[in-house]
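Asks: After the C-alpha cells below, expect a handful of questions from me.
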Amino acid sequence: MPKILIVDDDPCIRILLKQSLEELEDEGVELIITDNGESALDIIKREIPDVVFLDVMMPKMNGFDVCNAVKNDPAISNVFIVLLTVMSQKVDKLRGKAAGADIYITKPFNPDEVLDVTRKILGM
Amino acid sequence: MNILVVDDDEMVRYVLTEKLQESGFLVTTAPDGLKAIELFENTPFDAVLLDLKMPGMDGIETLKELRKHDPDIPVIMVTAFGDITTAVEAIKLGAYDFVEKPPQISRIMVTLRRAIEKAALEREIKVLGKSSEESAALKQAYQKLKELDQAKSTFLSSVSHELRTPLTSIIGYADISRKKLTKLFPESDGRDSKNGKIVQQVEENLSTIAQESEKLAGLIESILDLTAMEAGTVEWRWEPLSLSEVIENAAATFSAVFKEKGLEFISEVEGDLPLLKGDRYRLSQVMKQLFSNAAAFTEKGRVTFSAKQVNTDVVIRISDTGRGISASRHELIFEKFSQIGDTLTEKPKGVGLGLPICRLIVGYHGGKIDVESEQGLGSTFTVILPVEEAMKA
C-alpha cells in the first residue's frame with residue numbers, strides 16, 4: 001500500500017495538503033502527517049513512504065537537512081522528496097537540488113497540481 | 001604657464017623673457033612694482049620672478065602687495081649677489097625661493113617648476129581639505145541610504161514571503177472547497193432549483209476568491225522579482241537559446257487571448273533567428289508581459305508581432321492599435337509603480353511593475369526596450385537584443 005508523508009509546521013498547509021490528496025485514500029493510499037523535520041526523519045526511516053511532501057522552514061530540523069539526511073542514507077535514499085517552498089528564487093531552488101530533492105513545488109501551489117504530481121509519482 | 005617677470009633692468013627682462021619662452025612659458029613683464037601689481041590684478045599668473053632691488057616700490061614691498069592679492073602665488077626673488085639678508089626677509093614674507101644675479105637660467109627653470117608644482121599641490125590640498133569634510137558627510141549619508149535601501153529590500157522580500165504562506169491557504173482552500181461542493185452537488189443535479197442556484201453562487205464565489213488570490217500571488221512574485229533584480233541577487237541562467245522558440249511559445253499562448261478579445265493577430269517572424277545567450281525564463285517573461293499589455297490596452301483592431309535579425313541584433317516589435325501612450329509618459333511607464341492607463345477614470349490594470357522588470361531583464365541581456373506611441377493611435381514596443389552579448393553572470 002503506497003504511503004505519503006506530509007510534513008509542515010503550518011496546520012493550514014498540512015490540512016490543505018491532506019485534503020488535496022485524500023481522494024487517493026479511497027484508492028488505498030495511506031496519508032501520514034507530521035509537523036516537524038525531526039519526527040519526519042523518524043517516520044521516513046520507520047515507514048519508508050513512497051512520497052514525502054516536505055516543507056523547508058520548520059523548527060528543529062529544516063527541510064533541506066531532512067532531505068540531505070534521507071538522500072545520504074542508502075536505506076531510504078529512494079524515497080521521493082517533493083520540497084515545498086515559499087521561496088521561488090533560483091538560489092533556494094539550487095539549495096533544494098543540492099540537498100537532493102527530487103522536485104519542488106512553490107507555494108502558493110494548486111491542490112490539483114499536487115494531486116497530479118502525486119499520481120504521476122505513484123504511477124496511478 | 002603664465003609668468004610675470006618684474007625687473008627694472010630692461011636687459012634682464014629681455015633675457016628672461018627669451019629663455020622662459022624657449023622653455024614654453026608665457027611671459028609678461030613689468031619694469032616696476034606698481035606696474036606689476038596692476039598687471040597682477042587683471043591677469044592670473046602661475047608664478048612671479050621678482051627683482052628685489054628696484055627704484056620706487058622695491059621687491060619686498062611689491063611682494064607684500066602681491067601676496068595681499070593672492071597669498072598662494074609662488075614668488076621667486078631675484079637678488080643681487082651677496083644680498084642674503086634681504087632674501088631671507090623675502091622668504092619670511094612668503095617668497096618661495098631666491099636666485100642670485102646674474103640669474104642662471106637652468107636654476108630659475110628648476111625653481112620655477114618646483115614652485116608652481118608646490119602651489120598646485122597646496123591648492124589641491126586646500127580643496128581636498130574642504131571637501132574631505134563634505135565627503136565624509138556624503139559618505140555617511142550614502143552609507144545610510146544604502147542601509148535604508150537594503151532594509152527596504154529585505155522588508156519587501158520578507159513581507160512577500162510571509163504573504164505567500166497565507167495565500168497558499170486561501171487559494172488552496174477555495175479550490176478544494178469548490179471541488180468538494182461540486183462533488184456533493186454535481187452539476188448534473190441541475191442549478192435551476194433554489195438550492196442549485198445557491199450552490200452555483202457559492203462555487204462562483206470560491207472561484208473568484210481563488211482567481212483574485214492568484215493575482216495577488218502574481219503581484220508578490222513581481223515585487224520579489226524586482227527587489228531581487230535590483231539587489232543583484234537574481235541567479236541568471238545563461239544558456240545559448242533559440243529566441244524563435246521563446247517568442248513563438250509566448251505568441252502561441254497569447255494568440256488565444258487575442259482571439260477571445262476579437263483582435264486580429266499577425267505574426268511576422270523572418271526566417272530563423274540566431275541563437276543568443278540569455279535566460280530563457282526571463283526572456284519569455286518579457287515577451288509575455290508585452291503581449292499581455294497589448295491585450296489589456298487594445299479594444300479593437302490588431303496586434304502585430306515581428307522579429308528579425310538586423311546586423312548583430314535581434315529586433316522584436318509588438319505593435320497594437322490600442323489607446324496609445326502620450327509622449328510625456330513614454331519614459332514614465334518604465335518607472336516602478338507607474339500605470340499605462342488613466343488612473344482617475346479607470347481601475348489600474350496592474351501594479352506597474354511589469355515594464356520596469358522587462359527593462360531590467362532586457363538590460364541584463366545587454367539590450368534595450370523602448371516604446372513609440374501616440375495617444376489614441378496604438379503603441380509599438382521594440383526590444384533589441386544583441387546576438388553577441390557575452391555572458392554577464
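Residues are referred to by chain and number: the chain letter is A, B, ... according to the order shown in the C-alpha cells, the number counts from 1 in that chain, and ligands are numbered separately from 1 in the order shown.
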When the cut-off is 8 Å and we count only C-alpha atoms, which residues of chain B are near chain A, given as a PyMOL selection string?

Replies: chain B and resi 161+164-165+167-169+171-173+175-176+217+234-235

Asks: Suppose we keep C-alpha atoms; can you now write the selection as a PDB file, in the first residue's frame?

Replies:
ATOM      1  CA  HIS B 161       7.459  35.616   1.777  1.00  0.00           C
ATOM      2  CA  ARG B 164       2.729  33.766   0.332  1.00  0.00           C
ATOM      3  CA  THR B 165       2.035  31.262   3.061  1.00  0.00           C
ATOM      4  CA  LEU B 167      -2.097  32.971   0.175  1.00  0.00           C
ATOM      5  CA  THR B 168      -1.306  29.324  -0.319  1.00  0.00           C
ATOM      6  CA  SER B 169      -4.044  28.528   2.146  1.00  0.00           C
ATOM      7  CA  ILE B 171      -6.055  29.718  -2.927  1.00  0.00           C
ATOM      8  CA  GLY B 172      -5.858  26.091  -1.912  1.00  0.00           C
ATOM      9  CA  TYR B 173      -8.866  26.075   0.394  1.00  0.00           C
ATOM     10  CA  ASP B 175     -10.123  25.467  -4.791  1.00  0.00           C
ATOM     11  CA  ILE B 176     -10.655  22.433  -2.633  1.00  0.00           C
ATOM     12  CA  ALA B 217       0.331  35.970  -5.747  1.00  0.00           C
ATOM     13  CA  VAL B 234      18.756  37.001  -9.104  1.00  0.00           C
ATOM     14  CA  GLU B 235      20.501  33.904 -10.349  1.00  0.00           C
TER      15      GLU B 235
END

Asks: From a DSSP calculation on the backbone, collect every residue of chain A in strand (DSSP E or B) and output the set as a PyMOL selection string.

Replies: chain A and resi 3-7+30-34+51-55+80-85+103-106

Asks: May I have the selected residues written with C-alpha atoms, as a JSON list (two decimals), in the first residue's frame?

Replies:
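Saved as result03.json:
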[["chain", "number", "residue", "atom", "x", "y", "z"],
["A", 3, "LYS", "CA", 2.34, 5.76, 1.72],
["A", 4, "ILE", "CA", 2.57, 9.53, 1.54],
["A", 5, "LEU", "CA", 4.13, 11.62, 4.29],
["A", 6, "ILE", "CA", 3.10, 15.25, 4.71],
["A", 7, "VAL", "CA", 5.49, 17.46, 6.72],
["A", 30, "GLU", "CA", -2.08, 5.90, 3.32],
["A", 31, "LEU", "CA", -1.52, 9.52, 4.37],
["A", 32, "ILE", "CA", 0.83, 10.15, 7.28],
["A", 33, "ILE", "CA", 1.14, 13.65, 8.72],
["A", 34, "THR", "CA", 3.67, 15.32, 10.96],
["A", 51, "VAL", "CA", 6.49, 10.22, -1.41],
["A", 52, "VAL", "CA", 7.25, 12.95, 1.12],
["A", 53, "PHE", "CA", 5.85, 16.47, 0.86],
["A", 54, "LEU", "CA", 8.42, 18.39, 2.82],
["A", 55, "ASP", "CA", 8.22, 21.99, 3.97],
["A", 80, "PHE", "CA", 10.79, 10.57, -3.48],
["A", 81, "ILE", "CA", 11.01, 14.02, -1.94],
["A", 82, "VAL", "CA", 8.84, 16.94, -3.00],
["A", 83, "LEU", "CA", 10.21, 20.10, -1.41],
["A", 84, "LEU", "CA", 7.53, 22.68, -0.66],
["A", 85, "THR", "CA", 8.94, 26.15, -0.60],
["A", 103, "ILE", "CA", 11.26, 18.06, -7.29],
["A", 104, "TYR", "CA", 9.99, 21.15, -5.57],
["A", 105, "ILE", "CA", 6.65, 22.87, -5.59],
["A", 106, "THR", "CA", 6.46, 26.57, -4.89]]

Asks: What lies within 12 Å of Ala75 (chain A) using only C-alpha atoms, ignoring chain neighbours under 6 positions off, as a list in words?

Replies: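 The contact residues come out as Ile44, Lys45, Arg46, Glu47, Ile48, Pro49 and Ala69 of chain A.
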
Asks: If you count only C-alpha atoms, which residues fall within 10 Å of Phe185 (chain B), apart from same-chain ones fewer than 5 positions away, as a list in words?

Replies: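 Listing them by chain and then by number gives Lys179, Lys180, Gly190, Arg191, Asn195, Gly196, Val199 and Gln200 of chain B.
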
Asks: If we count only C-alpha atoms and set the cut-off at 6 Å, which residues sit around region 268-270 of chain B, ignoring sequence neighbours fewer than 6 positions away in its own chain? Please answer as a PDB file with all heavy atoms, in the first residue's frame.

Replies:
ATOM      1  N   PHE B 305       3.132  41.419 -34.619  1.00  0.00           N
ATOM      2  CA  PHE B 305       4.309  40.976 -33.902  1.00  0.00           C
ATOM      3  C   PHE B 305       5.379  40.614 -34.920  1.00  0.00           C
ATOM      4  O   PHE B 305       5.114  39.881 -35.872  1.00  0.00           O
ATOM      5  CB  PHE B 305       3.896  39.769 -33.055  1.00  0.00           C
ATOM      6  CG  PHE B 305       5.019  38.935 -32.588  1.00  0.00           C
ATOM      7  CD1 PHE B 305       6.013  39.476 -31.804  1.00  0.00           C
ATOM      8  CD2 PHE B 305       5.079  37.596 -32.931  1.00  0.00           C
ATOM      9  CE1 PHE B 305       7.058  38.694 -31.374  1.00  0.00           C
ATOM     10  CE2 PHE B 305       6.122  36.813 -32.498  1.00  0.00           C
ATOM     11  CZ  PHE B 305       7.111  37.371 -31.721  1.00  0.00           C
ATOM     12  N   SER B 306       6.563  41.159 -34.797  1.00  0.00           N
ATOM     13  CA  SER B 306       7.616  40.819 -35.748  1.00  0.00           C
ATOM     14  C   SER B 306       8.939  40.608 -35.039  1.00  0.00           C
ATOM     15  O   SER B 306       9.174  41.168 -33.970  1.00  0.00           O
ATOM     16  CB  SER B 306       7.764  41.929 -36.793  1.00  0.00           C
ATOM     17  OG  SER B 306       8.424  43.030 -36.214  1.00  0.00           O
ATOM     18  N   ALA B 307       9.765  39.793 -35.620  1.00  0.00           N
ATOM     19  CA  ALA B 307      11.104  39.567 -35.070  1.00  0.00           C
ATOM     20  C   ALA B 307      12.035  39.290 -36.234  1.00  0.00           C
ATOM     21  O   ALA B 307      11.722  38.512 -37.126  1.00  0.00           O
ATOM     22  CB  ALA B 307      11.091  38.380 -34.121  1.00  0.00           C
ATOM     23  N   LYS B 308      13.157  39.991 -36.242  1.00  0.00           N
ATOM     24  CA  LYS B 308      14.122  39.733 -37.309  1.00  0.00           C
ATOM     25  C   LYS B 308      15.519  40.123 -36.846  1.00  0.00           C
ATOM     26  O   LYS B 308      15.680  40.889 -35.884  1.00  0.00           O
ATOM     27  CB  LYS B 308      13.752  40.507 -38.568  1.00  0.00           C
ATOM     28  CG  LYS B 308      13.751  42.003 -38.369  1.00  0.00           C
ATOM     29  CD  LYS B 308      13.362  42.705 -39.650  1.00  0.00           C
ATOM     30  CE  LYS B 308      13.167  44.189 -39.389  1.00  0.00           C
ATOM     31  NZ  LYS B 308      12.563  44.901 -40.493  1.00  0.00           N
TER      32      LYS B 308
END

Asks: Restricting the calculation to only C-alpha atoms: of A:Met1, A:Met58, A:Ala40, A:Ala101, which residue gets closest to Asn78 (chain A)?

Replies: A:Ala101

Asks: Run DSSP on the backbone of this structure and report the residues of chain A it assigns to alpha helix (DSSP H), as a VMD selection string.

Replies: chain A and resid 11 to 21 37 to 47 63 to 71 90 to 98 111 to 122

Asks: So that I can see what lies close to Phe337 (chain B), please list as a list in words the residues with an atom at most 7 Å from it, counting only C-alpha atoms and leaving out residues fewer than 6 positions away in the same chain.

Replies: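 After dropping sequence-adjacent residues, the list is Val351, Gly352 and Leu353 of chain B.
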
Asks: In Å, with one decimal, what is the gap from CA of Pro2 (chain A) to CA of Gly37 (chain A)?

Replies: 21.0 Å

Asks: Have a look at B:Leu355, B:Phe258, B:Leu66, B:Ala87 and name the one nearest to Glu335 (chain B); count only C-alpha atoms.

Replies: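 For Glu335 (chain B), the nearest of the given residues is B:Leu355.
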